[in-house]
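Colleague: Contents of start-v1.cif (mmCIF, C-alpha atoms and all ligand atoms):
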```cif
data_query
#
loop_
_atom_site.label_atom_id
_atom_site.label_comp_id
_atom_site.auth_asym_id
_atom_site.auth_seq_id
_atom_site.Cartn_x
_atom_site.Cartn_y
_atom_site.Cartn_z
CA MET A 1067 54.70 -111.11 -129.95
CA THR A 1068 52.39 -111.63 -126.98
CA ALA A 1069 52.41 -109.01 -124.27
CA LEU A 1070 54.71 -109.67 -121.33
CA LYS A 1071 53.80 -107.82 -118.19
CA ALA A 1072 55.22 -107.49 -114.66
CA THR A 1073 54.84 -105.15 -111.69
CA ALA A 1074 57.48 -104.36 -109.08
CA ILE A 1075 57.65 -102.32 -105.90
CA ALA A 1076 60.92 -100.77 -104.74
CA ASN A 1077 61.43 -98.72 -101.61
CA SER A 1078 63.45 -95.58 -101.48
CA ASN A 1079 66.76 -95.50 -99.63
CA ILE A 1080 68.63 -92.74 -97.83
CA ALA A 1081 72.42 -92.78 -97.74
CA LEU A 1082 74.18 -92.52 -94.39
CA VAL A 1083 77.56 -92.39 -96.17
CA LYS A 1084 76.82 -90.65 -99.45
CA TYR A 1085 77.63 -91.44 -103.07
CA TRP A 1086 78.82 -88.24 -104.73
CA GLY A 1087 80.91 -88.41 -107.90
CA LYS A 1088 81.53 -90.99 -110.61
CA ARG A 1089 84.66 -92.58 -111.97
CA ASP A 1090 82.79 -93.62 -115.13
CA GLU A 1091 79.89 -91.49 -116.37
CA ARG A 1092 78.62 -94.00 -118.94
CA LEU A 1093 78.52 -97.08 -116.69
CA LEU A 1094 77.54 -95.06 -113.59
CA LEU A 1095 80.51 -96.29 -111.61
CA PRO A 1096 80.99 -94.39 -108.37
CA ALA A 1097 84.20 -92.83 -107.11
CA ASN A 1098 83.36 -94.07 -103.60
CA SER A 1099 81.37 -96.79 -101.86
CA SER A 1100 78.24 -95.72 -99.96
CA ILE A 1101 75.95 -97.08 -97.23
CA SER A 1102 72.19 -96.55 -96.99
CA VAL A 1103 69.07 -97.59 -95.18
CA THR A 1104 66.07 -98.75 -97.21
CA LEU A 1105 62.86 -97.08 -95.98
CA ASP A 1106 59.52 -98.77 -95.47
CA ASP A 1107 57.14 -95.91 -96.18
CA LEU A 1108 58.46 -94.30 -99.38
CA TYR A 1109 58.14 -96.47 -102.46
CA THR A 1110 57.58 -96.66 -106.20
CA THR A 1111 55.28 -99.15 -107.92
CA THR A 1112 55.95 -99.79 -111.62
CA THR A 1113 54.21 -101.94 -114.21
CA VAL A 1114 55.99 -102.73 -117.49
CA GLU A 1115 54.45 -104.47 -120.47
CA PHE A 1116 56.42 -105.30 -123.62
CA GLY A 1117 54.83 -106.15 -126.95
CA GLY A 1118 51.35 -105.46 -128.25
CA LYS A 1119 51.00 -103.18 -131.27
CA ARG A 1120 52.81 -100.14 -129.90
CA ARG A 1121 55.07 -98.15 -132.24
CA ALA A 1122 56.90 -96.31 -129.43
CA ASP A 1123 57.44 -96.71 -125.72
CA ARG A 1124 54.73 -95.07 -123.64
CA ILE A 1125 55.89 -93.96 -120.21
CA GLN A 1126 53.79 -92.41 -117.45
CA LEU A 1127 54.77 -91.32 -113.96
CA ASP A 1128 51.99 -90.42 -111.51
CA GLY A 1129 49.56 -90.13 -114.41
CA ARG A 1130 51.70 -87.75 -116.47
CA GLU A 1131 53.43 -88.67 -119.75
CA LEU A 1132 57.23 -88.38 -119.38
CA LEU A 1133 58.96 -86.09 -121.88
CA GLY A 1134 62.46 -84.84 -122.67
CA GLU A 1135 65.43 -85.93 -120.60
CA GLU A 1136 63.30 -87.89 -118.09
CA ARG A 1137 61.78 -89.94 -120.91
CA THR A 1138 65.15 -90.47 -122.62
CA ARG A 1139 66.63 -91.94 -119.43
CA VAL A 1140 63.80 -94.46 -119.11
CA VAL A 1141 63.82 -95.37 -122.84
CA ARG A 1142 67.59 -95.94 -122.66
CA HIS A 1143 67.07 -98.27 -119.72
CA LEU A 1144 64.33 -100.17 -121.57
CA ASP A 1145 66.68 -100.45 -124.58
CA LEU A 1146 69.29 -102.00 -122.31
CA VAL A 1147 66.78 -104.55 -120.97
CA ARG A 1148 65.58 -105.35 -124.53
CA LYS A 1149 69.19 -105.89 -125.61
CA LEU A 1150 70.03 -108.13 -122.63
CA ALA A 1151 66.80 -110.15 -123.02
CA GLY A 1152 66.97 -110.31 -126.82
CA ILE A 1153 63.46 -108.90 -127.32
CA LYS A 1154 62.21 -106.08 -129.54
CA GLY A 1155 58.68 -105.03 -128.47
CA LYS A 1156 57.95 -101.49 -127.37
CA ALA A 1157 56.86 -101.00 -123.78
CA ARG A 1158 54.08 -99.43 -121.82
CA VAL A 1159 55.36 -98.27 -118.44
CA GLU A 1160 53.27 -96.87 -115.63
CA SER A 1161 54.86 -95.79 -112.41
CA LYS A 1162 53.53 -94.32 -109.21
CA ASN A 1163 55.40 -92.77 -106.29
CA ASN A 1164 53.72 -92.43 -102.91
CA PHE A 1165 55.84 -89.29 -102.28
CA PRO A 1166 56.79 -86.12 -104.28
CA THR A 1167 59.12 -86.87 -107.18
CA ALA A 1168 62.57 -85.21 -107.44
CA ALA A 1169 62.35 -83.33 -104.15
CA GLY A 1170 65.40 -85.03 -102.70
CA LEU A 1171 63.40 -88.01 -101.47
CA ALA A 1172 65.45 -90.33 -103.66
CA SER A 1173 62.77 -90.93 -106.29
CA SER A 1174 65.36 -92.04 -108.84
CA ALA A 1175 66.58 -94.75 -106.44
CA SER A 1176 63.18 -96.41 -105.97
CA GLY A 1177 62.13 -95.50 -109.52
CA PHE A 1178 65.00 -97.13 -111.41
CA CYS A 1179 65.06 -100.11 -109.08
CA ALA A 1180 61.32 -100.77 -109.61
CA LEU A 1181 61.72 -100.21 -113.37
CA SER A 1182 64.67 -102.62 -113.53
CA LEU A 1183 62.84 -105.37 -111.67
CA ALA A 1184 59.53 -104.94 -113.54
CA ALA A 1185 61.17 -104.64 -116.97
CA SER A 1186 63.60 -107.54 -116.51
CA ALA A 1187 60.77 -109.77 -115.18
CA ALA A 1188 58.41 -108.74 -118.01
CA ALA A 1189 61.22 -109.59 -120.45
CA GLY A 1190 61.54 -113.01 -118.83
CA MET A 1191 65.07 -112.47 -117.52
CA GLY A 1192 64.76 -113.70 -113.91
CA LEU A 1193 67.78 -111.82 -112.55
CA ASP A 1194 69.36 -112.65 -109.19
CA ALA A 1195 69.77 -109.83 -106.64
CA ARG A 1196 73.38 -109.08 -107.62
CA ASN A 1197 72.55 -108.69 -111.31
CA LEU A 1198 69.39 -106.74 -110.50
CA SER A 1199 71.56 -104.37 -108.46
CA ILE A 1200 73.95 -103.93 -111.41
CA LEU A 1201 71.05 -103.33 -113.82
CA SER A 1202 69.47 -100.82 -111.40
CA ARG A 1203 72.82 -99.04 -111.03
CA LEU A 1204 72.91 -98.51 -114.79
CA GLY A 1205 69.64 -96.54 -114.46
CA SER A 1206 70.65 -94.49 -111.42
CA GLY A 1207 73.55 -95.18 -109.08
CA SER A 1208 71.59 -95.01 -105.83
CA ALA A 1209 68.98 -97.45 -107.27
CA SER A 1210 71.55 -100.25 -106.92
CA ARG A 1211 70.97 -100.10 -103.13
CA SER A 1212 67.14 -100.34 -103.17
CA VAL A 1213 67.34 -103.99 -104.29
CA TYR A 1214 67.95 -104.98 -100.65
CA GLY A 1215 66.07 -104.20 -97.47
CA GLY A 1216 67.58 -102.92 -94.22
CA PHE A 1217 71.12 -101.54 -94.26
CA VAL A 1218 72.96 -101.77 -97.56
CA GLU A 1219 76.43 -101.02 -98.91
CA TRP A 1220 77.04 -100.22 -102.58
CA VAL A 1221 80.57 -101.50 -103.07
CA LYS A 1222 82.24 -99.27 -105.63
CA GLY A 1223 84.17 -102.14 -107.27
CA HIS A 1224 87.36 -101.98 -109.29
CA GLN A 1225 86.58 -103.60 -112.65
CA ARG A 1226 86.38 -101.26 -115.62
CA ASP A 1227 83.22 -102.95 -116.92
CA GLY A 1228 81.40 -102.41 -113.61
CA SER A 1229 80.81 -106.13 -113.04
CA ASP A 1230 81.83 -105.80 -109.36
CA SER A 1231 80.06 -102.50 -108.63
CA CYS A 1232 76.86 -103.57 -106.89
CA ALA A 1233 75.09 -103.52 -103.55
CA VAL A 1234 75.38 -106.01 -100.70
CA GLN A 1235 73.15 -106.25 -97.64
CA LEU A 1236 74.87 -105.40 -94.32
CA ALA A 1237 71.84 -106.21 -92.12
CA ASP A 1238 68.21 -106.91 -92.96
CA GLU A 1239 65.21 -104.80 -91.96
CA THR A 1240 64.66 -106.72 -88.71
CA HIS A 1241 68.20 -106.13 -87.40
CA TRP A 1242 67.65 -102.71 -85.77
CA LYS A 1243 64.04 -102.42 -84.63
CA ASP A 1244 64.64 -99.20 -82.73
CA PHE A 1245 65.98 -97.23 -85.73
CA ARG A 1246 63.78 -94.50 -87.22
CA LEU A 1247 64.27 -91.88 -89.86
CA VAL A 1248 61.90 -88.91 -89.97
CA THR A 1249 61.74 -87.38 -93.43
CA THR A 1250 60.73 -83.73 -93.52
CA ILE A 1251 59.28 -82.16 -96.63
CA VAL A 1252 60.13 -78.48 -96.81
CA THR A 1253 59.33 -78.19 -100.50
CA SER A 1254 57.96 -80.61 -103.04
CA THR A 1255 59.01 -78.64 -106.11
CA LYS A 1256 61.42 -80.26 -108.52
CA LYS A 1257 65.05 -79.35 -107.93
CA LYS A 1258 66.87 -77.23 -110.53
CA ILE A 1259 70.16 -79.15 -110.60
CA SER A 1260 69.94 -82.94 -110.90
CA SER A 1261 72.28 -85.05 -108.77
CA ARG A 1262 73.82 -86.30 -111.99
CA ALA A 1263 74.78 -82.85 -113.28
CA GLY A 1264 75.69 -81.59 -109.79
CA MET A 1265 78.11 -84.41 -109.05
CA ARG A 1266 79.73 -84.13 -112.48
CA GLU A 1267 80.60 -80.48 -111.85
CA THR A 1268 81.72 -81.18 -108.27
CA VAL A 1269 84.23 -83.80 -109.39
CA LYS A 1270 85.60 -81.36 -111.96
CA THR A 1271 85.78 -78.15 -109.95
CA SER A 1272 85.44 -78.47 -106.18
CA PRO A 1273 88.78 -77.98 -104.38
CA LEU A 1274 87.37 -80.10 -101.55
CA TYR A 1275 86.53 -83.16 -103.62
CA LYS A 1276 89.88 -84.86 -103.05
CA THR A 1277 89.44 -84.52 -99.27
CA TRP A 1278 85.91 -85.91 -99.54
CA LEU A 1279 87.29 -89.08 -101.12
CA GLU A 1280 90.11 -89.37 -98.58
CA THR A 1281 87.69 -89.38 -95.66
CA ILE A 1282 85.23 -91.94 -97.05
CA ASP A 1283 86.92 -95.14 -95.88
CA PRO A 1284 86.99 -94.19 -92.17
CA ASP A 1285 83.31 -93.11 -92.44
CA LEU A 1286 82.32 -96.44 -94.03
CA LYS A 1287 84.17 -98.40 -91.37
CA ALA A 1288 82.61 -96.44 -88.49
CA ILE A 1289 79.06 -96.67 -89.92
CA ARG A 1290 79.38 -100.43 -90.54
CA LYS A 1291 80.40 -100.87 -86.90
CA GLY A 1292 77.64 -98.54 -85.66
CA ILE A 1293 75.02 -100.49 -87.62
CA ARG A 1294 76.37 -103.83 -86.39
CA GLN A 1295 76.22 -102.62 -82.76
CA ARG A 1296 72.95 -100.66 -83.24
CA ASN A 1297 74.75 -97.60 -81.91
CA LEU A 1298 72.64 -94.56 -82.87
CA THR A 1299 75.13 -92.00 -81.53
CA GLN A 1300 77.90 -93.42 -83.70
CA VAL A 1301 75.73 -93.77 -86.82
CA GLY A 1302 74.13 -90.34 -86.29
CA GLU A 1303 77.44 -88.51 -85.76
CA ILE A 1304 79.10 -90.03 -88.80
CA ALA A 1305 76.04 -89.61 -91.05
CA GLU A 1306 75.67 -85.95 -90.08
CA VAL A 1307 79.30 -85.03 -90.69
CA ASN A 1308 79.44 -87.10 -93.90
CA CYS A 1309 76.43 -85.22 -95.28
CA LEU A 1310 77.95 -81.85 -94.36
CA LYS A 1311 81.19 -82.84 -96.10
CA MET A 1312 79.25 -83.74 -99.25
CA HIS A 1313 77.35 -80.44 -99.17
CA ALA A 1314 80.64 -78.60 -98.60
CA THR A 1315 81.97 -80.08 -101.86
CA MET A 1316 78.71 -79.03 -103.59
CA MET A 1317 78.86 -75.49 -102.24
CA THR A 1318 82.44 -75.06 -103.42
CA THR A 1319 81.62 -76.22 -106.96
CA THR A 1320 81.68 -73.81 -109.93
CA PRO A 1321 78.90 -73.08 -110.76
CA ARG A 1322 77.52 -73.55 -107.22
CA VAL A 1323 75.39 -76.55 -106.32
CA LEU A 1324 73.24 -75.09 -103.54
CA TYR A 1325 70.27 -77.25 -102.56
CA TRP A 1326 69.46 -75.71 -99.19
CA GLN A 1327 66.46 -73.47 -98.60
CA PRO A 1328 65.95 -71.30 -95.50
CA ALA A 1329 63.77 -74.11 -94.10
CA THR A 1330 66.66 -76.55 -94.51
CA MET A 1331 68.77 -74.42 -92.17
CA GLU A 1332 65.84 -74.05 -89.79
CA VAL A 1333 65.64 -77.87 -89.42
CA ILE A 1334 69.42 -78.26 -89.11
CA ARG A 1335 69.56 -75.58 -86.39
CA SER A 1336 66.64 -77.13 -84.51
CA VAL A 1337 68.10 -80.65 -84.58
CA VAL A 1338 71.44 -79.38 -83.28
CA ASP A 1339 69.77 -77.28 -80.54
CA TRP A 1340 67.42 -80.10 -79.51
CA ARG A 1341 70.41 -82.43 -79.26
CA ALA A 1342 72.24 -79.94 -77.05
CA SER A 1343 69.24 -80.05 -74.71
CA GLY A 1344 69.22 -83.84 -74.49
CA GLU A 1345 67.24 -85.13 -77.54
CA ARG A 1346 68.84 -88.02 -79.38
CA CYS A 1347 68.56 -86.89 -83.02
CA TRP A 1348 70.89 -86.34 -85.97
CA PHE A 1349 70.25 -85.06 -89.51
CA THR A 1350 71.20 -86.02 -93.03
CA ILE A 1351 70.40 -84.28 -96.36
CA ASP A 1352 70.61 -85.59 -99.92
CA GLY A 1353 70.71 -83.61 -103.16
CA GLY A 1354 67.75 -81.43 -102.24
CA PRO A 1355 66.40 -79.15 -99.50
CA ASN A 1356 64.60 -81.77 -97.38
CA VAL A 1357 66.18 -82.90 -94.13
CA LYS A 1358 65.95 -86.41 -92.70
CA VAL A 1359 66.27 -86.95 -88.97
CA LEU A 1360 67.70 -90.14 -87.42
CA CYS A 1361 66.27 -91.09 -84.03
CA ARG A 1362 64.93 -93.86 -81.76
CA ALA A 1363 61.48 -95.45 -82.17
CA LYS A 1364 60.13 -94.03 -78.90
CA ASP A 1365 61.08 -90.46 -79.87
CA ALA A 1366 60.01 -90.55 -83.53
CA ARG A 1367 56.35 -89.39 -83.30
CA ARG A 1368 57.15 -86.62 -80.83
CA LEU A 1369 60.06 -85.41 -82.98
CA ALA A 1370 57.88 -85.54 -86.11
CA ARG A 1371 55.34 -83.27 -84.37
CA LYS A 1372 58.10 -80.88 -83.26
CA LEU A 1373 59.45 -80.81 -86.82
CA GLU A 1374 55.97 -80.13 -88.23
CA GLY A 1375 55.75 -77.23 -85.78
CA LEU A 1376 58.65 -75.47 -87.55
CA LYS A 1377 57.64 -72.70 -89.94
CA GLY A 1378 59.17 -74.13 -93.11
CA VAL A 1379 58.23 -77.80 -92.64
CA LYS A 1380 55.14 -78.96 -94.54
CA LYS A 1381 55.15 -82.58 -93.45
CA ALA A 1382 57.21 -85.09 -91.47
CA ILE A 1383 57.02 -88.80 -92.31
CA VAL A 1384 58.29 -91.43 -89.86
CA CYS A 1385 60.06 -94.34 -91.60
CA LYS A 1386 61.52 -97.65 -90.37
CA PRO A 1387 64.07 -99.81 -92.16
CA GLY A 1388 62.07 -101.36 -95.02
CA GLN A 1389 62.22 -104.38 -97.29
CA GLY A 1390 64.00 -104.87 -100.59
CA ALA A 1391 62.49 -104.72 -104.09
CA ARG A 1392 59.83 -107.33 -104.91
CA LEU A 1393 57.36 -108.34 -107.60
CA SER A 1394 53.64 -107.74 -107.13
CA PHE A 1395 50.52 -109.20 -108.77
CA LYS A 1396 48.66 -105.87 -108.56
CA HIS A 1397 49.33 -104.38 -112.00
CA LEU A 1398 48.76 -100.64 -112.49
CA PHE A 1399 46.99 -101.24 -115.83
C1 LIG B 1401 73.00 -87.18 -102.89
O1 LIG B 1401 71.80 -91.91 -107.72
O2 LIG B 1401 70.46 -89.83 -108.17
O3 LIG B 1401 71.35 -88.89 -103.05
O4 LIG B 1401 73.74 -92.10 -110.39
O5 LIG B 1401 73.61 -89.90 -111.54
O6 LIG B 1401 71.52 -91.22 -111.17
P1 LIG B 1401 72.91 -90.87 -110.65
O7 LIG B 1401 72.70 -90.11 -109.25
P2 LIG B 1401 71.79 -90.46 -108.00
O8 LIG B 1401 72.60 -89.69 -106.85
C2 LIG B 1401 72.27 -89.77 -105.50
C3 LIG B 1401 73.10 -88.84 -104.71
C4 LIG B 1401 72.73 -88.63 -103.26
C5 LIG B 1401 73.57 -89.52 -102.34
C6 LIG B 1401 73.23 -90.98 -102.27
O9 LIG B 1401 72.06 -91.38 -102.44
O10 LIG B 1401 74.17 -91.76 -102.00
#
```
Please render this file's structure as C-alpha cells.
Ligand code: DP6
Modeller:
Amino acid sequence: MTALKATAIANSNIALVKYWGKRDERLLLPANSSISVTLDDLYTTTTVEFGGKRRADRIQLDGRELLGEERTRVVRHLDLVRKLAGIKGKARVESKNNFPTAAGLASSASGFCALSLAASAAAGMGLDARNLSILSRLGSGSASRSVYGGFVEWVKGHQRDGSDSCAVQLADETHWKDFRLVTTIVTSTKKKISSRAGMRETVKTSPLYKTWLETIDPDLKAIRKGIRQRNLTQVGEIAEVNCLKMHATMMTTTPRVLYWQPATMEVIRSVVDWRASGERCWFTIDGGPNVKVLCRAKDARRLARKLEGLKGVKKAIVCKPGQGARLSFKHLF
C-alpha cells in the first residue's frame, strides 16, 4: 500500500466548567457536560503516515519514542482509525508540543485531537467536525473540545453508544476579544496520578462526588450566559468555584488525589488578595499543580509579570481564545 500522510495542529483547551468522572470508562462518556476555552498559544502538531514497510507502529513525542501505557493509548487509537477506515498499514506518528507534556496544561486534549485529525485524514476518512469530536473523545475526553475554536461545550449526551456525546461551539475565537488566560508553570514534571485514574477513584470513593454532579447544571447555565454577555466577573466567579469543587472531590478521594504544590497555593492566595485590592482576576486549575488566571486583555501582561515575580512560578504565558483543529502542509517528517 502507498504511504498516506497528513499533519494536523490542535490547540489546547482549558475547562471553565470541568469534566471530572465518567459514566462509561470504555467509550469515555462523561458523567457531566463541560465548557472550555480553546487557547491560541499552546498547541500540538502531529504527522501521521500509514503504510510503507513498517512491521509495528512507531510513535514519537517531542523526539522521544513512546513506551508503555502512553504508547498503548496511541496504538489503540490508531487501531480504531484503521478499523473505521478499513485500512491495515502500520503508522509512523511524530508529535510535538510547544509546552511541557503532562504538567496539567491539557496535553492529552491537544494531543488526541491532533492525532485524530491527522490519522483520520491520512486514512482518507474526511470526517466532519462532529465526528472528529467523537473520535477525539475516544482518545481522551477533553480532546473532544479542541476540535472547535473559541468557547466550546462538550455535551455529555444520553445514548449508550456515545453517538450524541460530542462538542459544540458556543462562540468562536473572535467573540470575546478582551478575554485572556494567563497560564502559570510552577512545575513541568509529569504528574504522578493521571486524570483518568484520578477521576475513576473519585467517582468510586469521594463522598462529595454526588454534590459535584448536582451543582453542574447551574454552573453550565451561568457560564454560558457569562460567555454570551462577555461578563468576566460572572465567568471568573463560576470558573473559580467550579474548579475548587472539583479539587474538593479529588482531595476527599481514597487514596487522595492531591495535585497542588506549595506554589499552587501561593498563586491562589495571590490572585485572591490581588482581587481584594481591585485587580480583576480569577483562577482555575486542572488535574495538575499549574494555575491559570482569567483576566482582561489590558491587564494580562502586567499580571503575567506579577505572577512571574512569585517564588514558585517559573513562567507565565498569556493566551487568547484560539482556533479549532486544522490540517497543515508542514509535515514533521
Ligand atoms: C481536570 O480528558 O485528560 O482537565 O478522558 O480520561 O483522557 P480522559 O481524561 P482527560 O481529563 C481532563 C480533566 C480536567 C478537566 C477538563 O479538562 O474538563
Colleague: Quick one: pull the distance between atom CA of A:Arg1266 and atom CA of A:Val1323, Å, one decimal.
Modeller: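 Atom CA of A:Val1323 lies at a distance of 10.7 Å from atom CA of A:Arg1266.
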Colleague: Work out how far atom CA of A:Pro1387 is from atom CA of A:Thr1113, in Å to one decimal.
Modeller: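 Separation between atom CA of A:Thr1113 and atom CA of A:Pro1387: 24.2 Å.
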Colleague: Need to verify the contact set: A:Thr1277, 12 Å, all atoms listed in the file, exclusion of same-chain residues closer than 2 positions in sequence. Can you return it as a PyMOL selection string?
Modeller: chain A and resi 1269+1272-1275+1279-1283+1308+1311-1312+1314-1315
Colleague: Write out, as JSON lines, each residue of stretch 1189-1251 of chain A that has an atom at most 7 Å from stretch 1079-1103 of chain A, together with the closest pair of atoms and their distance in Å to one decimal, counting all atoms listed in the file, rows going by chain and rising number.
Modeller:
```
{"residue": "A:Arg1203", "atom": "CA", "partner": "A:Leu1094", "partner_atom": "CA", "distance": 6.7}
{"residue": "A:Leu1204", "atom": "CA", "partner": "A:Leu1094", "partner_atom": "CA", "distance": 5.9}
{"residue": "A:Gly1207", "atom": "CA", "partner": "A:Leu1094", "partner_atom": "CA", "distance": 6.0}
{"residue": "A:Ser1212", "atom": "CA", "partner": "A:Asn1079", "partner_atom": "CA", "distance": 6.0}
{"residue": "A:Gly1216", "atom": "CA", "partner": "A:Val1103", "partner_atom": "CA", "distance": 5.6}
{"residue": "A:Phe1217", "atom": "CA", "partner": "A:Val1103", "partner_atom": "CA", "distance": 4.5}
{"residue": "A:Val1218", "atom": "CA", "partner": "A:Ser1102", "partner_atom": "CA", "distance": 5.3}
{"residue": "A:Glu1219", "atom": "CA", "partner": "A:Ile1101", "partner_atom": "CA", "distance": 4.3}
{"residue": "A:Trp1220", "atom": "CA", "partner": "A:Ser1100", "partner_atom": "CA", "distance": 5.3}
{"residue": "A:Val1221", "atom": "CA", "partner": "A:Ser1099", "partner_atom": "CA", "distance": 4.9}
{"residue": "A:Lys1222", "atom": "CA", "partner": "A:Ser1099", "partner_atom": "CA", "distance": 4.6}
{"residue": "A:Gly1228", "atom": "CA", "partner": "A:Leu1095", "partner_atom": "CA", "distance": 6.5}
{"residue": "A:Ser1231", "atom": "CA", "partner": "A:Leu1095", "partner_atom": "CA", "distance": 6.9}
```
Colleague: Using all atoms listed in the file for the distances, tell me which of A:Phe1116, A:Phe1245, A:Tyr1109, A:Tyr1214 is nearest to A:Cys1347.
Modeller: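 Of all the options, A:Phe1245 lies closest to A:Cys1347.
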Colleague: Between A:Ile1334, A:Leu1373, A:Ala1189, A:Ile1251, which one has atoms that come closest to A:Lys1149, using all atoms listed in the file?
Modeller: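 Result for the nearest residue to A:Lys1149: A:Ala1189.
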Colleague: Using only C-alpha atoms, pick whichever of A:Thr1255, A:Ser1210, A:Ser1182, A:Ser1199 has the shortest atom-to-atom distance to A:Val1159.
Modeller: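 Closest to A:Val1159 of all the choices is A:Ser1182.
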Colleague: Could I see stretch 1135-1142 of chain A restored to all heavy atoms, set down as a PDB file, in the frame of the given file?
Modeller:
```pdb
ATOM      1  N   GLU A1135      64.335 -85.198-121.209  1.00  0.00           N
ATOM      2  CA  GLU A1135      65.430 -85.930-120.600  1.00  0.00           C
ATOM      3  C   GLU A1135      64.948 -87.098-119.723  1.00  0.00           C
ATOM      4  O   GLU A1135      65.504 -88.189-119.741  1.00  0.00           O
ATOM      5  CB  GLU A1135      66.287 -84.936-119.791  1.00  0.00           C
ATOM      6  CG  GLU A1135      67.461 -85.515-119.035  1.00  0.00           C
ATOM      7  CD  GLU A1135      68.459 -86.279-119.905  1.00  0.00           C
ATOM      8  OE1 GLU A1135      68.548 -86.003-121.121  1.00  0.00           O
ATOM      9  OE2 GLU A1135      69.148 -87.160-119.366  1.00  0.00           O
ATOM     10  N   GLU A1136      63.845 -86.845-118.975  1.00  0.00           N
ATOM     11  CA  GLU A1136      63.300 -87.890-118.090  1.00  0.00           C
ATOM     12  C   GLU A1136      62.884 -89.113-118.909  1.00  0.00           C
ATOM     13  O   GLU A1136      63.151 -90.253-118.550  1.00  0.00           O
ATOM     14  CB  GLU A1136      62.035 -87.369-117.386  1.00  0.00           C
ATOM     15  CG  GLU A1136      62.303 -86.517-116.164  1.00  0.00           C
ATOM     16  CD  GLU A1136      60.982 -86.103-115.500  1.00  0.00           C
ATOM     17  OE1 GLU A1136      60.049 -85.669-116.217  1.00  0.00           O
ATOM     18  OE2 GLU A1136      60.885 -86.214-114.279  1.00  0.00           O
ATOM     19  N   ARG A1137      62.234 -88.851-120.049  1.00  0.00           N
ATOM     20  CA  ARG A1137      61.780 -89.940-120.910  1.00  0.00           C
ATOM     21  C   ARG A1137      62.983 -90.665-121.530  1.00  0.00           C
ATOM     22  O   ARG A1137      63.039 -91.892-121.550  1.00  0.00           O
ATOM     23  CB  ARG A1137      60.887 -89.356-122.023  1.00  0.00           C
ATOM     24  CG  ARG A1137      60.394 -90.404-122.980  1.00  0.00           C
ATOM     25  CD  ARG A1137      59.627 -89.818-124.165  1.00  0.00           C
ATOM     26  NE  ARG A1137      59.807 -90.707-125.304  1.00  0.00           N
ATOM     27  CZ  ARG A1137      59.119 -91.830-125.488  1.00  0.00           C
ATOM     28  NH1 ARG A1137      58.194 -92.164-124.644  1.00  0.00           N
ATOM     29  NH2 ARG A1137      59.363 -92.604-126.526  1.00  0.00           N
ATOM     30  N   THR A1138      63.968 -89.883-121.980  1.00  0.00           N
ATOM     31  CA  THR A1138      65.150 -90.470-122.620  1.00  0.00           C
ATOM     32  C   THR A1138      65.856 -91.442-121.678  1.00  0.00           C
ATOM     33  O   THR A1138      66.288 -92.523-122.085  1.00  0.00           O
ATOM     34  CB  THR A1138      66.140 -89.339-123.024  1.00  0.00           C
ATOM     35  OG1 THR A1138      65.401 -88.385-123.762  1.00  0.00           O
ATOM     36  CG2 THR A1138      67.297 -89.860-123.852  1.00  0.00           C
ATOM     37  N   ARG A1139      65.947 -91.051-120.395  1.00  0.00           N
ATOM     38  CA  ARG A1139      66.630 -91.940-119.430  1.00  0.00           C
ATOM     39  C   ARG A1139      65.909 -93.273-119.289  1.00  0.00           C
ATOM     40  O   ARG A1139      66.531 -94.319-119.208  1.00  0.00           O
ATOM     41  CB  ARG A1139      66.702 -91.252-118.049  1.00  0.00           C
ATOM     42  CG  ARG A1139      67.993 -90.482-117.861  1.00  0.00           C
ATOM     43  CD  ARG A1139      68.036 -89.821-116.502  1.00  0.00           C
ATOM     44  NE  ARG A1139      68.448 -90.732-115.434  1.00  0.00           N
ATOM     45  CZ  ARG A1139      68.657 -90.366-114.176  1.00  0.00           C
ATOM     46  NH1 ARG A1139      68.504 -89.117-113.828  1.00  0.00           N
ATOM     47  NH2 ARG A1139      69.040 -91.233-113.269  1.00  0.00           N
ATOM     48  N   VAL A1140      64.576 -93.220-119.257  1.00  0.00           N
ATOM     49  CA  VAL A1140      63.800 -94.460-119.110  1.00  0.00           C
ATOM     50  C   VAL A1140      63.883 -95.301-120.390  1.00  0.00           C
ATOM     51  O   VAL A1140      64.092 -96.515-120.337  1.00  0.00           O
ATOM     52  CB  VAL A1140      62.329 -94.155-118.727  1.00  0.00           C
ATOM     53  CG1 VAL A1140      61.494 -95.432-118.686  1.00  0.00           C
ATOM     54  CG2 VAL A1140      62.267 -93.442-117.374  1.00  0.00           C
ATOM     55  N   VAL A1141      63.762 -94.634-121.565  1.00  0.00           N
ATOM     56  CA  VAL A1141      63.820 -95.370-122.840  1.00  0.00           C
ATOM     57  C   VAL A1141      65.184 -96.058-122.972  1.00  0.00           C
ATOM     58  O   VAL A1141      65.275 -97.220-123.373  1.00  0.00           O
ATOM     59  CB  VAL A1141      63.543 -94.439-124.046  1.00  0.00           C
ATOM     60  CG1 VAL A1141      63.823 -95.152-125.369  1.00  0.00           C
ATOM     61  CG2 VAL A1141      62.103 -93.947-124.002  1.00  0.00           C
ATOM     62  N   ARG A1142      66.232 -95.345-122.592  1.00  0.00           N
ATOM     63  CA  ARG A1142      67.590 -95.940-122.660  1.00  0.00           C
ATOM     64  C   ARG A1142      67.678 -97.192-121.786  1.00  0.00           C
ATOM     65  O   ARG A1142      68.301 -98.183-122.144  1.00  0.00           O
ATOM     66  CB  ARG A1142      68.628 -94.924-122.188  1.00  0.00           C
ATOM     67  CG  ARG A1142      69.391 -94.381-123.364  1.00  0.00           C
ATOM     68  CD  ARG A1142      70.644 -93.648-122.910  1.00  0.00           C
ATOM     69  NE  ARG A1142      70.603 -92.330-123.487  1.00  0.00           N
ATOM     70  CZ  ARG A1142      70.810 -91.203-122.845  1.00  0.00           C
ATOM     71  NH1 ARG A1142      71.092 -91.196-121.563  1.00  0.00           N
ATOM     72  NH2 ARG A1142      70.754 -90.064-123.470  1.00  0.00           N
TER      73      ARG A1142
END
```
